[in-house]
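What follows is target39.pdb (PDB, C-alpha atoms).
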```pdb
ATOM      1  CA  MET V  29       7.989  92.465  59.682
ATOM      2  CA  SER V  30      10.833  91.320  57.453
ATOM      3  CA  TYR V  31      11.793  93.397  54.433
ATOM      4  CA  THR V  32      14.758  94.009  52.140
ATOM      5  CA  ILE V  33      17.114  96.972  52.478
ATOM      6  CA  GLU V  34      19.156  98.221  49.515
ATOM      7  CA  TYR V  35      22.611  99.585  50.351
ATOM      8  CA  ALA V  36      24.101 100.138  46.897
ATOM      9  CA  LYS V  37      23.591  99.300  43.232
ATOM     10  CA  LEU V  38      25.683  99.251  40.091
ATOM     11  CA  PHE V  39      24.598  98.255  36.600
ATOM     12  CA  LEU V  40      27.382  96.698  34.527
ATOM     13  CA  LYS V  41      27.333  96.965  30.740
ATOM     14  CA  SER V  42      28.988  94.728  28.192
ATOM     15  CA  ALA V  43      28.575  93.519  24.629
ATOM     16  CA  LEU V  44      25.827  91.127  25.768
ATOM     17  CA  GLY V  45      23.826  93.859  27.508
ATOM     18  CA  TYR V  46      23.250  95.037  31.069
ATOM     19  CA  THR V  47      23.770  93.197  34.353
ATOM     20  CA  PRO V  48      22.048  94.907  37.326
ATOM     21  CA  CYS V  49      24.029  94.340  40.526
ATOM     22  CA  TRP V  50      22.931  95.484  43.939
ATOM     23  CA  GLU V  51      23.952  95.160  47.581
ATOM     24  CA  CYS V  52      21.039  94.234  49.815
ATOM     25  CA  GLY V  53      20.045  92.361  52.952
ATOM     26  CA  SER V  54      17.215  91.618  55.357
ATOM     27  CA  ASN V  55      16.346  94.031  58.136
ATOM     28  CA  ASN V  56      16.257  91.078  60.564
ATOM     29  CA  THR V  57      19.725  89.622  59.880
ATOM     30  CA  TYR V  58      22.877  91.036  61.480
ATOM     31  CA  GLU V  59      26.608  90.468  60.955
ATOM     32  CA  THR V  60      27.380  92.087  64.302
ATOM     33  CA  ALA V  61      25.268  93.572  67.053
ATOM     34  CA  ARG V  62      25.137  96.896  65.179
ATOM     35  CA  LYS V  63      25.615  96.021  61.510
ATOM     36  CA  ARG V  64      22.997  94.306  59.376
ATOM     37  CA  ALA V  65      24.093  91.510  57.065
ATOM     38  CA  ARG V  66      24.325  92.394  53.385
ATOM     39  CA  GLN V  67      25.726  90.977  50.175
ATOM     40  CA  TRP V  68      26.145  91.786  46.503
ATOM     41  CA  CYS V  69      24.050  89.813  44.048
ATOM     42  CA  VAL V  70      22.478  90.166  40.610
ATOM     43  CA  TRP V  71      18.998  91.687  40.685
ATOM     44  CA  GLN V  72      16.402  89.187  39.424
ATOM     45  CA  ASN V  73      19.340  87.035  38.202
ATOM     46  CA  LEU V  74      19.442  89.058  34.980
ATOM     47  CA  LEU V  75      22.742  88.620  33.151
ATOM     48  CA  GLY V  76      23.668  90.484  29.980
ATOM     49  CA  VAL V  77      20.143  91.497  28.991
ATOM     50  CA  SER V  78      18.647  94.516  27.249
ATOM     51  CA  SER V  79      17.337  97.540  29.133
ATOM     52  CA  GLU V  80      13.854  96.584  27.925
ATOM     53  CA  GLN V  81      14.133  93.176  29.585
ATOM     54  CA  ILE V  82      15.142  94.764  32.890
ATOM     55  CA  MET V  83      12.209  97.180  32.696
ATOM     56  CA  GLU V  84       9.864  94.314  31.860
ATOM     57  CA  ALA V  85      11.001  92.453  34.977
ATOM     58  CA  ALA V  86      10.390  95.603  37.048
ATOM     59  CA  LEU V  87       6.931  96.200  35.596
ATOM     60  CA  GLN V  88       5.927  92.627  36.415
ATOM     61  CA  MET V  89       6.600  93.498  40.072
ATOM     62  CA  CYS V  90       4.459  96.648  39.936
ATOM     63  CA  ASP V  91       0.964  95.895  41.180
ATOM     64  CA  GLY V  92       0.090  99.248  42.756
ATOM     65  CA  GLU V  93      -0.541  97.628  46.124
ATOM     66  CA  GLY V  94       2.677  98.119  48.052
ATOM     67  CA  ASP V  95       6.347  98.938  48.296
ATOM     68  CA  HIS V  96       9.240  96.730  47.195
ATOM     69  CA  TRP V  97      12.193  97.483  49.507
ATOM     70  CA  GLN V  98      13.790 100.254  51.535
ATOM     71  CA  LYS V  99      16.599 102.490  50.328
ATOM     72  CA  SER V 100      18.150 105.248  52.489
ATOM     73  CA  GLY V 101      15.299 104.894  54.959
ATOM     74  CA  LYS V 102      12.581 105.356  52.320
ATOM     75  CA  TRP V 103      10.365 102.812  50.600
ATOM     76  CA  VAL V 104      10.771 102.151  46.881
ATOM     77  CA  ASP V 105       7.280 102.054  45.380
ATOM     78  CA  ASP V 106       6.233 101.207  41.813
ATOM     79  CA  ALA V 107       7.210 104.608  40.423
ATOM     80  CA  GLY V 108      10.458 104.463  42.355
ATOM     81  CA  LEU V 109      11.245 101.032  40.915
ATOM     82  CA  VAL V 110      10.802 102.338  37.361
ATOM     83  CA  ARG V 111      13.144 105.249  38.147
ATOM     84  CA  TRP V 112      15.573 102.788  39.753
ATOM     85  CA  VAL V 113      15.862 100.861  36.495
ATOM     86  CA  LYS V 114      16.132 103.965  34.290
ATOM     87  CA  LEU V 115      18.882 105.501  36.422
ATOM     88  CA  GLY V 116      20.725 102.203  36.661
ATOM     89  CA  VAL V 117      20.823 101.842  32.893
ATOM     90  CA  ALA V 118      21.766 105.502  32.355
ATOM     91  CA  LYS V 119      24.698 105.227  34.803
ATOM     92  CA  ALA V 120      25.850 101.738  33.782
ATOM     93  CA  VAL V 121      29.612 101.189  33.777
ATOM     94  CA  THR V 122      32.071  98.608  32.493
ATOM     95  CA  ILE V 123      34.408  96.325  34.429
ATOM     96  CA  GLU V 124      37.225  98.597  33.261
ATOM     97  CA  ASP V 125      35.452 101.583  34.859
ATOM     98  CA  VAL V 126      35.206  99.730  38.182
ATOM     99  CA  LEU V 127      38.871  98.751  38.212
ATOM    100  CA  SER V 128      39.985 102.216  37.091
ATOM    101  CA  ALA V 129      38.059 103.830  39.960
ATOM    102  CA  ASN V 130      39.443 101.246  42.404
ATOM    103  CA  PRO V 131      43.081 100.762  41.354
ATOM    104  CA  PHE V 132      43.873  98.662  44.443
ATOM    105  CA  LEU V 133      41.573  95.958  43.028
ATOM    106  CA  GLY V 134      43.227  93.532  40.649
ATOM    107  CA  ALA V 135      39.956  91.919  39.576
ATOM    108  CA  ILE V 136      36.277  91.432  40.469
ATOM    109  CA  TYR V 137      35.405  88.036  41.946
ATOM    110  CA  CYS V 138      32.285  86.264  40.702
ATOM    111  CA  ARG V 139      30.643  82.851  40.839
ATOM    112  CA  ALA V 140      27.311  81.089  40.399
ATOM    113  CA  LEU V 141      25.442  79.372  43.223
ATOM    114  CA  VAL V 142      23.545  76.395  41.830
ATOM    115  CA  TRP V 143      20.591  74.856  43.670
ATOM    116  CA  ASP V 144      20.272  71.276  42.441
ATOM    117  CA  ALA V 145      18.648  68.255  44.097
ATOM    118  CA  ASN V 146      18.160  70.103  47.386
ATOM    119  CA  ARG V 147      21.800  71.131  47.723
ATOM    120  CA  TYR V 148      23.949  74.108  46.852
ATOM    121  CA  ARG V 149      27.161  74.030  44.904
ATOM    122  CA  SER V 150      29.427  76.770  43.579
ATOM    123  CA  GLU V 151      30.259  76.908  39.879
ATOM    124  CA  CYS V 152      31.967  79.228  37.388
ATOM    125  CA  GLU V 153      34.249  80.962  39.862
ATOM    126  CA  ALA V 154      36.232  83.640  38.027
ATOM    127  CA  GLN V 155      38.158  86.878  38.369
ATOM    128  CA  LEU V 156      36.879  89.592  36.021
ATOM    129  CA  ARG V 157      39.486  91.962  34.626
ATOM    130  CA  SER V 158      37.716  93.150  31.472
ATOM    131  CA  THR V 159      34.367  93.419  29.723
ATOM    132  CA  GLU V 160      35.381  90.407  27.642
ATOM    133  CA  ASP V 161      35.860  88.419  30.861
ATOM    134  CA  LEU V 162      32.364  89.418  32.000
ATOM    135  CA  ASP V 163      30.723  88.270  28.765
ATOM    136  CA  HIS V 164      32.645  84.980  28.843
ATOM    137  CA  TRP V 165      31.484  84.392  32.429
ATOM    138  CA  ILE V 166      27.860  85.253  31.588
ATOM    139  CA  ARG V 167      27.848  82.700  28.767
ATOM    140  CA  ALA V 168      29.277  80.041  31.100
ATOM    141  CA  VAL V 169      26.652  80.748  33.781
ATOM    142  CA  ASN V 170      23.806  80.673  31.249
ATOM    143  CA  GLU V 171      24.914  77.205  30.196
ATOM    144  CA  LEU V 172      24.221  75.991  33.748
ATOM    145  CA  LYS V 173      20.527  76.812  33.464
ATOM    146  CA  HIS V 174      18.362  73.738  32.936
ATOM    147  CA  PRO V 175      14.870  72.650  34.084
ATOM    148  CA  GLY V 176      14.883  71.811  37.772
ATOM    149  CA  ILE V 177      18.073  73.787  38.421
ATOM    150  CA  THR V 178      18.123  77.276  39.935
ATOM    151  CA  VAL V 179      21.158  79.475  39.324
ATOM    152  CA  TYR V 180      22.026  82.522  41.443
ATOM    153  CA  PRO V 181      24.858  84.564  39.868
ATOM    154  CA  VAL V 182      27.034  86.572  42.257
ATOM    155  CA  ILE V 183      29.324  89.472  41.312
ATOM    156  CA  ASP V 184      31.139  90.650  44.421
ATOM    157  CA  LEU V 185      31.607  94.432  44.382
ATOM    158  CA  SER V 186      31.994  94.747  48.158
ATOM    159  CA  LEU V 187      35.585  96.014  47.857
ATOM    160  CA  ALA V 188      34.752  98.629  45.221
ATOM    161  CA  LYS V 189      34.384 101.484  47.690
ATOM    162  CA  ARG V 190      35.254 104.462  45.529
ATOM    163  CA  PRO V 191      32.614 106.377  43.513
ATOM    164  CA  ILE V 192      32.338 104.842  40.038
ATOM    165  CA  ARG V 193      31.267 106.860  37.051
ATOM    166  CA  PRO V 194      31.040 106.088  33.335
ATOM    167  CA  SER V 195      34.221 106.746  31.436
ATOM    168  CA  GLY V 196      34.556 110.320  30.273
ATOM    169  CA  LYS V 197      37.503 112.537  29.485
ATOM    170  CA  VAL V 198      40.477 111.046  31.281
ATOM    171  CA  PRO V 199      42.942 113.624  32.690
ATOM    172  CA  GLU V 200      46.527 113.312  31.503
ATOM    173  CA  HIS V 201      47.980 114.541  34.803
ATOM    174  CA  VAL V 202      46.627 113.820  38.271
ATOM    175  CA  ILE V 203      47.211 114.444  41.960
ATOM    176  CA  ILE V 204      46.770 111.762  44.620
ATOM    177  CA  LYS V 205      44.388 112.314  47.543
ATOM    178  CA  TYR V 206      43.699 110.131  50.580
ATOM    179  CA  LYS V 207      40.841 111.396  52.749
ATOM    180  CA  LYS V 208      41.843 115.063  53.360
ATOM    181  CA  ALA V 209      45.546 114.754  52.548
ATOM    182  CA  TYR V 210      47.381 115.140  49.238
ATOM    183  CA  LEU V 211      50.562 113.338  48.236
ATOM    184  CA  THR V 212      53.375 115.891  48.078
ATOM    185  CA  GLN V 213      56.452 113.664  47.747
ATOM    186  CA  SER V 214      57.186 110.059  46.784
ATOM    187  CA  GLU V 215      60.590 108.365  46.943
ATOM    188  CA  ASP V 216      61.819 104.825  46.279
ATOM    189  CA  ASP V 217      58.681 103.822  44.349
ATOM    190  CA  GLY V 218      56.377 104.983  47.118
ATOM    191  CA  ASP V 219      58.239 103.444  50.069
ATOM    192  CA  TYR V 220      58.621 106.953  51.513
ATOM    193  CA  THR V 221      55.855 109.496  51.069
ATOM    194  CA  SER V 222      54.905 112.932  52.382
ATOM    195  CA  TRP V 223      51.372 114.329  52.619
ATOM    196  CA  SER V 224      49.736 117.714  53.180
ATOM    197  CA  THR V 225      46.197 119.024  53.529
ATOM    198  CA  ASP V 226      47.153 121.922  51.245
ATOM    199  CA  ILE V 227      46.213 120.995  47.687
ATOM    200  CA  ARG V 228      48.660 123.575  46.314
ATOM    201  CA  LYS V 229      51.568 121.473  47.613
ATOM    202  CA  SER V 230      50.354 118.295  45.916
ATOM    203  CA  LEU V 231      52.610 116.333  43.588
ATOM    204  CA  VAL V 232      51.510 116.302  39.932
ATOM    205  CA  MET V 233      52.040 112.994  38.115
ATOM    206  CA  SER V 234      50.991 111.456  34.828
ATOM    207  CA  ARG V 235      47.910 109.302  35.233
ATOM    208  CA  GLU V 236      49.833 106.212  34.093
ATOM    209  CA  ASP V 237      52.619 106.763  36.645
ATOM    210  CA  ALA V 238      50.078 107.342  39.415
ATOM    211  CA  MET V 239      48.198 104.125  38.604
ATOM    212  CA  ARG V 240      51.452 102.137  38.525
ATOM    213  CA  LEU V 241      52.372 103.607  41.926
ATOM    214  CA  GLN V 242      48.962 102.667  43.326
ATOM    215  CA  GLU V 243      49.311  99.128  42.006
ATOM    216  CA  ARG V 244      52.705  98.736  43.723
ATOM    217  CA  LYS V 245      51.375 100.183  46.989
ATOM    218  CA  ARG V 246      47.826  98.834  46.925
ATOM    219  CA  TYR V 247      47.677  98.216  50.702
ATOM    220  CA  THR V 248      48.890 101.679  51.764
ATOM    221  CA  TRP V 249      47.431 105.174  51.637
ATOM    222  CA  VAL V 250      48.715 105.468  48.081
ATOM    223  CA  GLY V 251      46.898 102.352  46.919
ATOM    224  CA  GLN V 252      43.636 103.363  48.574
ATOM    225  CA  SER V 253      43.699 106.982  47.440
ATOM    226  CA  LYS V 254      41.784 108.845  44.748
ATOM    227  CA  LEU V 255      43.226 110.234  41.534
ATOM    228  CA  LEU V 256      42.067 113.807  40.892
ATOM    229  CA  ASP V 257      42.533 115.960  37.835
ATOM    230  CA  ALA V 258      45.711 117.986  38.367
ATOM    231  CA  ARG V 259      43.787 121.095  37.362
ATOM    232  CA  ASN V 260      42.190 120.918  40.817
ATOM    233  CA  LYS V 261      45.555 122.080  42.160
ATOM    234  CA  LEU V 262      44.910 125.453  40.553
ATOM    235  CA  ARG V 263      41.750 126.017  42.571
ATOM    236  CA  LYS V 264      41.977 128.891  45.032
ATOM    237  CA  THR V 265      41.830 127.706  48.634
ATOM    238  CA  ALA V 266      40.163 129.839  51.298
ATOM    239  CA  VAL V 267      39.544 130.247  55.007
ATOM    240  CA  LEU V 268      36.734 131.836  57.016
ATOM    241  CA  ARG V 269      37.474 135.079  58.891
ATOM    242  CA  LYS V 270      35.235 136.093  61.767
ATOM    243  CA  ASP V 271      34.093 139.715  62.075
ATOM    244  CA  ASP V 272      36.398 140.153  65.094
ATOM    245  CA  GLY V 273      39.464 139.293  62.997
ATOM    246  CA  SER V 274      39.957 135.692  64.168
ATOM    247  CA  TYR V 275      39.765 132.653  61.876
ATOM    248  CA  LEU V 276      37.633 129.512  61.985
ATOM    249  CA  SER V 277      39.647 126.470  63.068
ATOM    250  CA  LYS V 278      36.927 123.912  63.786
ATOM    251  CA  HIS V 279      33.214 123.741  64.396
ATOM    252  CA  THR V 280      30.851 121.093  65.747
ATOM    253  CA  LYS V 281      27.187 121.114  66.648
ATOM    254  CA  ARG V 282      28.035 122.602  70.058
ATOM    255  CA  ARG V 283      31.248 124.543  69.601
ATOM    256  CA  ILE V 284      32.900 126.967  67.196
ATOM    257  CA  ILE V 285      36.656 127.239  67.688
ATOM    258  CA  CYS V 286      38.604 130.197  66.278
ATOM    259  CA  VAL V 287      42.295 131.026  66.231
ATOM    260  CA  GLN V 288      44.166 134.294  65.787
ATOM    261  CA  ARG V 289      46.645 133.073  63.183
ATOM    262  CA  LYS V 290      45.534 132.524  59.619
ATOM    263  CA  ASP V 291      47.876 129.581  59.136
ATOM    264  CA  GLY V 292      46.025 127.744  61.911
ATOM    265  CA  ALA V 293      42.634 128.131  60.233
ATOM    266  CA  HIS V 294      40.726 125.352  58.520
ATOM    267  CA  GLN V 295      41.397 125.529  54.780
ATOM    268  CA  TYR V 296      38.622 124.887  52.280
ATOM    269  CA  SER V 297      39.517 123.361  48.936
ATOM    270  CA  SER V 298      37.780 126.102  46.937
ATOM    271  CA  ILE V 299      36.228 129.534  47.254
ATOM    272  CA  ALA V 300      32.811 128.015  46.562
ATOM    273  CA  ALA V 301      33.165 125.458  49.384
ATOM    274  CA  ALA V 302      34.187 128.201  51.818
ATOM    275  CA  ALA V 303      31.267 130.411  50.761
ATOM    276  CA  ASP V 304      28.835 127.551  51.307
ATOM    277  CA  ALA V 305      30.267 126.889  54.781
ATOM    278  CA  ALA V 306      30.092 130.594  55.682
ATOM    279  CA  GLN V 307      26.458 130.757  54.676
ATOM    280  CA  ARG V 308      25.531 127.753  56.840
ATOM    281  CA  LEU V 309      27.419 129.107  59.841
ATOM    282  CA  ASN V 310      25.901 132.582  59.539
ATOM    283  CA  GLN V 311      22.412 131.117  59.350
ATOM    284  CA  ARG V 312      23.143 129.039  62.433
ATOM    285  CA  LEU V 313      24.504 132.014  64.423
ATOM    286  CA  LYS V 314      21.559 134.281  63.521
ATOM    287  CA  GLY V 315      23.445 137.575  63.699
ATOM    288  CA  GLN V 316      25.525 136.860  66.819
ATOM    289  CA  CYS V 317      28.615 137.171  64.610
ATOM    290  CA  ARG V 318      29.486 136.725  60.964
ATOM    291  CA  PHE V 319      32.062 134.821  58.960
ATOM    292  CA  PHE V 320      33.538 136.024  55.680
ATOM    293  CA  VAL V 321      35.492 134.192  52.979
ATOM    294  CA  GLU V 322      39.154 135.114  52.678
ATOM    295  CA  GLU V 323      41.339 133.697  49.904
ATOM    296  CA  MET V 324      44.635 132.061  50.781
ATOM    297  CA  LYS V 325      47.557 133.739  49.032
ATOM    298  CA  ASP V 326      50.690 131.980  47.831
ATOM    299  CA  GLY V 327      53.131 131.547  50.666
ATOM    300  CA  GLU V 328      50.552 131.696  53.446
TER     301      GLU V 328
END
```

In structure tokens, how does this file's structure come out?
Amino acid sequence: MSYTIEYAKLFLKSALGYTPCWECGSNNTYETARKRARQWCVWQNLLGVSSEQIMEAALQMCDGEGDHWQKSGKWVDDAGLVRWVKLGVAKAVTIEDVLSANPFLGAIYCRALVWDANRYRSECEAQLRSTEDLDHWIRAVNELKHPGITVYPVIDLSLAKRPIRPSGKVPEHVIIKYKKAYLTQSEDDGDYTSWSTDIRKSLVMSREDAMRLQERKRYTWVGQSKLLDARNKLRKTAVLRKDDGSYLSKHTKRRIICVQRKDGAHQYSSIAAAADAAQRLNQRLKGQCRFFVEEMKDGE
């Protein structure tokens, strides 16, 4: 049986309204032997419409007789579709939000696929850098719509990998993080950098300077890193101490590795994260031994 799988979604908002984008694909189509094919497109081809219009389109699909598509291994039914629309509208973001969360992106590519006289053609190719650009593109695509012509708008968000949230309070000073490492030193405009897993050693920069550095080094760790509020640097890091005095270095499903030296222990980014890890480990070990949270002091 063929069905649609949803991999991601992102509602864009602009002066014209909302544009629901989602990444989806068929369960029967593969890019490689192990990866299913997927692409970003505009849900129901709705461009710059009101939230009521999106909900109306969803309700027209709700017949109470089946599911619509799969998401995270679960089927989206009628009630789930209504929630899908409500959450999408509530978490809608702007083009500026997308680019701010993904500073290595210079713009968002978009186009319209036009089905006319039994052939496809591509129209209205553009690079979106602002909400104004999005509205201008939407107006251009809407002008393509005529009887006998089908228009499929495409907004490619495949490179926007970082979590995107609506704009809130923007921190004045930030630290730069790539995976589990923090930038501790940058010389010659980012040509030479040093990194550490210890957040307390991270380099504090103004948000503007950090974004300029990311733009210059968009294809390196710096360009692909996250900007975190510099106040995170003040969080107290911690390790887990075993009841025999050793420290947790690494654990997998089969093994728990401990070391005698504290400086060789795995460091958690906060006391809360360490406490959560200790609780899970102690439940797993069922009294065989216990782990306790121990704060890292300055200089350790």

What would the selection look like, as a ChimeraX atom specification, if the PyMOL selection byres ((chain V and resi 152) around 9) were run on the coordinates I just shared? /V:138-141,150-151,153-154,165,168-169

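Near V:Leu255, within 7 Å and counting only C-alpha atoms, sit Val202, Ile203, Ile204 and Lys205 of chain V; same-chain residues fewer than 3 positions away were not included.
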
Which residues are close to V:Glu236, i.e. within 12 Å by all atoms listed in the file, leaving aside same-chain residues fewer than 6 positions away? Reply as a ChimeraX atom specification. /V:128,131,198-203,242-243,255

Counting all atoms listed in the file, I want the residues whose atoms come within 12 Å of (51.8, 99.8, 47.6) in the file frame, returned as a ChimeraX atom specification. /V:131-133,214,216-221,238-253

Stretch 164-205 of chain V near stretch 40-50 of chain V within 10 Å: what's each residue's closest atom pair and its distance in Å to one decimal, counting all atoms listed in the file, ordered by chain then ascending residue number, as JSON lines?
```
{"residue": "V:His164", "atom": "CA", "partner": "V:Leu44", "partner_atom": "CA", "distance": 9.7}
{"residue": "V:Ile166", "atom": "CA", "partner": "V:Leu44", "partner_atom": "CA", "distance": 8.5}
{"residue": "V:Arg167", "atom": "CA", "partner": "V:Leu44", "partner_atom": "CA", "distance": 9.2}
{"residue": "V:Pro181", "atom": "CA", "partner": "V:Cys49", "partner_atom": "CA", "distance": 9.8}
{"residue": "V:Val182", "atom": "CA", "partner": "V:Cys49", "partner_atom": "CA", "distance": 8.5}
{"residue": "V:Ile183", "atom": "CA", "partner": "V:Cys49", "partner_atom": "CA", "distance": 7.2}
{"residue": "V:Asp184", "atom": "CA", "partner": "V:Cys49", "partner_atom": "CA", "distance": 8.9}
{"residue": "V:Leu185", "atom": "CA", "partner": "V:Cys49", "partner_atom": "CA", "distance": 8.5}
```

Could you give me, as number ranges by chain, the residues that sit within 12 Å of (26.3, 132.6, 69.3) in the file's coordinates, counting all atoms listed in the file? V: 281-285, 309-318

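Counting only C-alpha atoms and comparing V:Asn55, V:Gln72, V:Gln288, V:Asn130, the residue that lies closest to V:Val179 is V:Gln72.
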
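Nearest to V:Ile82 of all the residues V:Tyr275, V:Leu211, V:Glu160, V:Leu109 is V:Leu109, based on all atoms listed in the file.
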
Would you mind putting back N, CA and C atoms on stretch 261-286 of chain V, then writing it out as an mmCIF file, keeping the file's coordinate frame?
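This went into rebuild.cif:
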```cif
data_model
loop_
_atom_site.group_PDB
_atom_site.id
_atom_site.type_symbol
_atom_site.label_atom_id
_atom_site.label_comp_id
_atom_site.auth_asym_id
_atom_site.auth_seq_id
_atom_site.Cartn_x
_atom_site.Cartn_y
_atom_site.Cartn_z
ATOM 1 N N LYS V 261 44.499 121.429 41.385
ATOM 2 C CA LYS V 261 45.555 122.080 42.160
ATOM 3 C C LYS V 261 45.521 123.589 41.971
ATOM 4 N N LEU V 262 44.956 124.033 40.855
ATOM 5 C CA LEU V 262 44.910 125.453 40.553
ATOM 6 C C LEU V 262 43.748 126.167 41.242
ATOM 7 N N ARG V 263 42.865 125.378 41.872
ATOM 8 C CA ARG V 263 41.750 126.017 42.571
ATOM 9 C C ARG V 263 42.257 126.880 43.720
ATOM 10 N N LYS V 264 41.585 127.975 43.961
ATOM 11 C CA LYS V 264 41.977 128.891 45.032
ATOM 12 C C LYS V 264 41.400 128.410 46.350
ATOM 13 N N THR V 265 42.291 128.115 47.315
ATOM 14 C CA THR V 265 41.830 127.706 48.634
ATOM 15 C C THR V 265 41.445 128.934 49.458
ATOM 16 N N ALA V 266 40.677 128.713 50.512
ATOM 17 C CA ALA V 266 40.163 129.839 51.298
ATOM 18 C C ALA V 266 39.962 129.430 52.744
ATOM 19 N N VAL V 267 39.851 130.436 53.596
ATOM 20 C CA VAL V 267 39.544 130.247 55.007
ATOM 21 C C VAL V 267 38.356 131.153 55.345
ATOM 22 N N LEU V 268 37.830 130.988 56.556
ATOM 23 C CA LEU V 268 36.734 131.836 57.016
ATOM 24 C C LEU V 268 37.238 132.763 58.120
ATOM 25 N N ARG V 269 37.064 134.067 57.903
ATOM 26 C CA ARG V 269 37.474 135.079 58.891
ATOM 27 C C ARG V 269 36.235 135.592 59.618
ATOM 28 N N LYS V 270 36.325 135.601 60.939
ATOM 29 C CA LYS V 270 35.235 136.093 61.767
ATOM 30 C C LYS V 270 35.274 137.617 61.796
ATOM 31 N N ASP V 271 34.156 138.249 62.100
ATOM 32 C CA ASP V 271 34.093 139.715 62.075
ATOM 33 C C ASP V 271 34.964 140.367 63.142
ATOM 34 N N ASP V 272 35.478 139.584 64.104
ATOM 35 C CA ASP V 272 36.398 140.153 65.094
ATOM 36 C C ASP V 272 37.859 139.975 64.688
ATOM 37 N N GLY V 273 38.103 139.436 63.493
ATOM 38 C CA GLY V 273 39.464 139.293 62.997
ATOM 39 C C GLY V 273 40.081 137.926 63.206
ATOM 40 N N SER V 274 39.433 137.047 63.966
ATOM 41 C CA SER V 274 39.957 135.692 64.168
ATOM 42 C C SER V 274 39.515 134.792 63.006
ATOM 43 N N TYR V 275 40.048 133.566 62.988
ATOM 44 C CA TYR V 275 39.765 132.653 61.876
ATOM 45 C C TYR V 275 39.174 131.340 62.397
ATOM 46 N N LEU V 276 38.274 130.772 61.601
ATOM 47 C CA LEU V 276 37.633 129.512 61.985
ATOM 48 C C LEU V 276 38.639 128.364 61.916
ATOM 49 N N SER V 277 38.767 127.626 63.022
ATOM 50 C CA SER V 277 39.647 126.470 63.068
ATOM 51 C C SER V 277 38.849 125.172 63.001
ATOM 52 N N LYS V 278 37.730 125.130 63.726
ATOM 53 C CA LYS V 278 36.927 123.912 63.786
ATOM 54 C C LYS V 278 35.546 124.265 64.304
ATOM 55 N N HIS V 279 34.551 123.526 63.828
ATOM 56 C CA HIS V 279 33.214 123.741 64.396
ATOM 57 C C HIS V 279 32.471 122.411 64.463
ATOM 58 N N THR V 280 31.704 122.258 65.537
ATOM 59 C CA THR V 280 30.851 121.093 65.747
ATOM 60 C C THR V 280 29.437 121.606 66.007
ATOM 61 N N LYS V 281 28.556 120.702 66.359
ATOM 62 C CA LYS V 281 27.187 121.114 66.648
ATOM 63 C C LYS V 281 27.117 122.012 67.882
ATOM 64 N N ARG V 282 28.079 121.862 68.803
ATOM 65 C CA ARG V 282 28.035 122.602 70.058
ATOM 66 C C ARG V 282 29.068 123.714 70.161
ATOM 67 N N ARG V 283 30.157 123.593 69.411
ATOM 68 C CA ARG V 283 31.248 124.543 69.601
ATOM 69 C C ARG V 283 31.759 125.081 68.274
ATOM 70 N N ILE V 284 32.214 126.336 68.319
ATOM 71 C CA ILE V 284 32.900 126.967 67.196
ATOM 72 C C ILE V 284 34.240 127.468 67.728
ATOM 73 N N ILE V 285 35.315 126.912 67.194
ATOM 74 C CA ILE V 285 36.656 127.239 67.688
ATOM 75 C C ILE V 285 37.366 128.129 66.672
ATOM 76 N N CYS V 286 37.890 129.264 67.146
ATOM 77 C CA CYS V 286 38.604 130.197 66.278
ATOM 78 C C CYS V 286 40.029 130.397 66.790
#
```
